[in-house]
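To start, the structure itself, in structure tokens.
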Amino acid sequence: MEIKPNTEQLIELAHYKMPFGKYKGRYLVDLPEPYLIWFQQKGFPEGKLGNLLKAMTEIKINGLEALIKKVQKDFPKQ
């Protein structure tokens with residue numbers, strides 16, 4: 001079985017910015033890992049933002065931020 005990432009979702013994740021709080025306006029990939037871990041412990045928001053924060057937490061925990069940075073570079077926001 002071959003696993004293929006959803007390109008559109010990956011591009012959206014790479015360009016999504018935090019909509020509120022101390023880090024408002026920062027790309028999710030630029031959020032500090034302890035902040036994401038805090039969300040993981042306290043509970044992620046509902047909906048799209050929560051799902052994107054969960055994904056970014058896993059990406060950061062596994063040291064894959066370079067993948068997101070590459071997506072940002074290779075697929076600039078239109």
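Ligands are numbered from 1 in the order shown, chains are lettered A, B, ... in the order of the structure tokens, and residues start at 1 in each chain.
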DSSP alpha helix (DSSP H) selection over chain A, as a PyMOL selection string: chain A and resi 7-15+33-42+47-61+65-74
Preceding selection exported with C-alpha atoms as a compact mmCIF listing (two decimals), in the first residue's frame:
```txt
# COMPACT_ATOMS: atom_id res chain seq x y z
CA THR A 7 -0.97 18.06 -1.53
CA GLU A 8 -3.70 20.68 -1.06
CA GLN A 9 -3.89 20.03 2.68
CA LEU A 10 -0.11 20.15 3.02
CA ILE A 11 0.02 23.49 1.19
CA GLU A 12 -2.78 24.85 3.38
CA LEU A 13 -0.94 23.70 6.51
CA ALA A 14 2.28 25.35 5.32
CA HIS A 15 0.56 28.71 4.79
CA GLU A 33 7.00 23.42 20.10
CA PRO A 34 6.20 23.97 23.82
CA TYR A 35 3.16 26.02 22.76
CA LEU A 36 1.92 23.15 20.58
CA ILE A 37 2.57 20.66 23.39
CA TRP A 38 0.54 22.89 25.71
CA PHE A 39 -2.40 22.69 23.27
CA GLN A 40 -1.94 18.93 23.09
CA GLN A 41 -2.18 18.68 26.87
CA LYS A 42 -5.03 21.18 27.34
CA GLY A 47 -12.50 22.33 13.68
CA LYS A 48 -9.91 23.12 11.05
CA LEU A 49 -7.52 25.01 13.34
CA GLY A 50 -7.45 22.15 15.83
CA ASN A 51 -6.76 19.61 13.10
CA LEU A 52 -3.96 21.74 11.66
CA LEU A 53 -2.42 22.29 15.10
CA LYS A 54 -2.53 18.52 15.76
CA ALA A 55 -0.78 17.86 12.46
CA MET A 56 1.83 20.54 13.13
CA THR A 57 2.48 19.13 16.60
CA GLU A 58 3.27 15.73 15.08
CA ILE A 59 5.45 17.33 12.41
CA LYS A 60 7.44 19.26 15.02
CA ILE A 61 7.76 16.33 17.43
CA GLU A 65 9.65 21.28 9.97
CA ALA A 66 11.99 21.37 6.95
CA LEU A 67 9.29 19.60 4.94
CA ILE A 68 6.81 22.40 5.67
CA LYS A 69 9.42 25.10 4.96
CA LYS A 70 10.08 23.43 1.60
CA VAL A 71 6.37 23.40 0.79
CA GLN A 72 6.21 27.13 1.66
CA LYS A 73 9.12 27.79 -0.72
CA ASP A 74 8.03 25.49 -3.55
```
Nearest candidate to Val29 (chain A) (options A:Glu2, A:Glu46, A:Gly63, A:Gln78; using only C-alpha atoms): A:Gly63
Residues near Lys17 (chain A), cut-off 9 Å, only C-alpha atoms, skip fewer than 4 positions along chain, as a VMD selection string: chain A and resid 13 23 to 29
Written file, previous selection with N, CA and C atoms, as a PDB file, in the first residue's frame:
```
ATOM      1  N   LEU A  13      -1.627  23.759   5.224  1.00  0.00           N
ATOM      2  CA  LEU A  13      -0.938  23.695   6.509  1.00  0.00           C
ATOM      3  C   LEU A  13       0.307  24.584   6.505  1.00  0.00           C
ATOM      4  N   TYR A  23       0.706  34.458  19.553  1.00  0.00           N
ATOM      5  CA  TYR A  23       1.403  34.186  18.292  1.00  0.00           C
ATOM      6  C   TYR A  23       0.534  34.477  17.064  1.00  0.00           C
ATOM      7  N   LYS A  24      -0.471  35.321  17.243  1.00  0.00           N
ATOM      8  CA  LYS A  24      -1.362  35.685  16.131  1.00  0.00           C
ATOM      9  C   LYS A  24      -0.545  36.174  14.943  1.00  0.00           C
ATOM     10  N   GLY A  25      -0.875  35.642  13.758  1.00  0.00           N
ATOM     11  CA  GLY A  25      -0.212  36.056  12.526  1.00  0.00           C
ATOM     12  C   GLY A  25       1.015  35.234  12.165  1.00  0.00           C
ATOM     13  N   ARG A  26       1.468  34.366  13.056  1.00  0.00           N
ATOM     14  CA  ARG A  26       2.632  33.511  12.746  1.00  0.00           C
ATOM     15  C   ARG A  26       2.170  32.256  12.025  1.00  0.00           C
ATOM     16  N   TYR A  27       3.002  31.795  11.091  1.00  0.00           N
ATOM     17  CA  TYR A  27       2.724  30.505  10.466  1.00  0.00           C
ATOM     18  C   TYR A  27       2.753  29.432  11.547  1.00  0.00           C
ATOM     19  N   LEU A  28       1.907  28.428  11.405  1.00  0.00           N
ATOM     20  CA  LEU A  28       1.872  27.368  12.409  1.00  0.00           C
ATOM     21  C   LEU A  28       3.226  26.687  12.562  1.00  0.00           C
ATOM     22  N   VAL A  29       3.971  26.564  11.477  1.00  0.00           N
ATOM     23  CA  VAL A  29       5.291  25.933  11.545  1.00  0.00           C
ATOM     24  C   VAL A  29       6.261  26.752  12.390  1.00  0.00           C
TER      25      VAL A  29
END
```
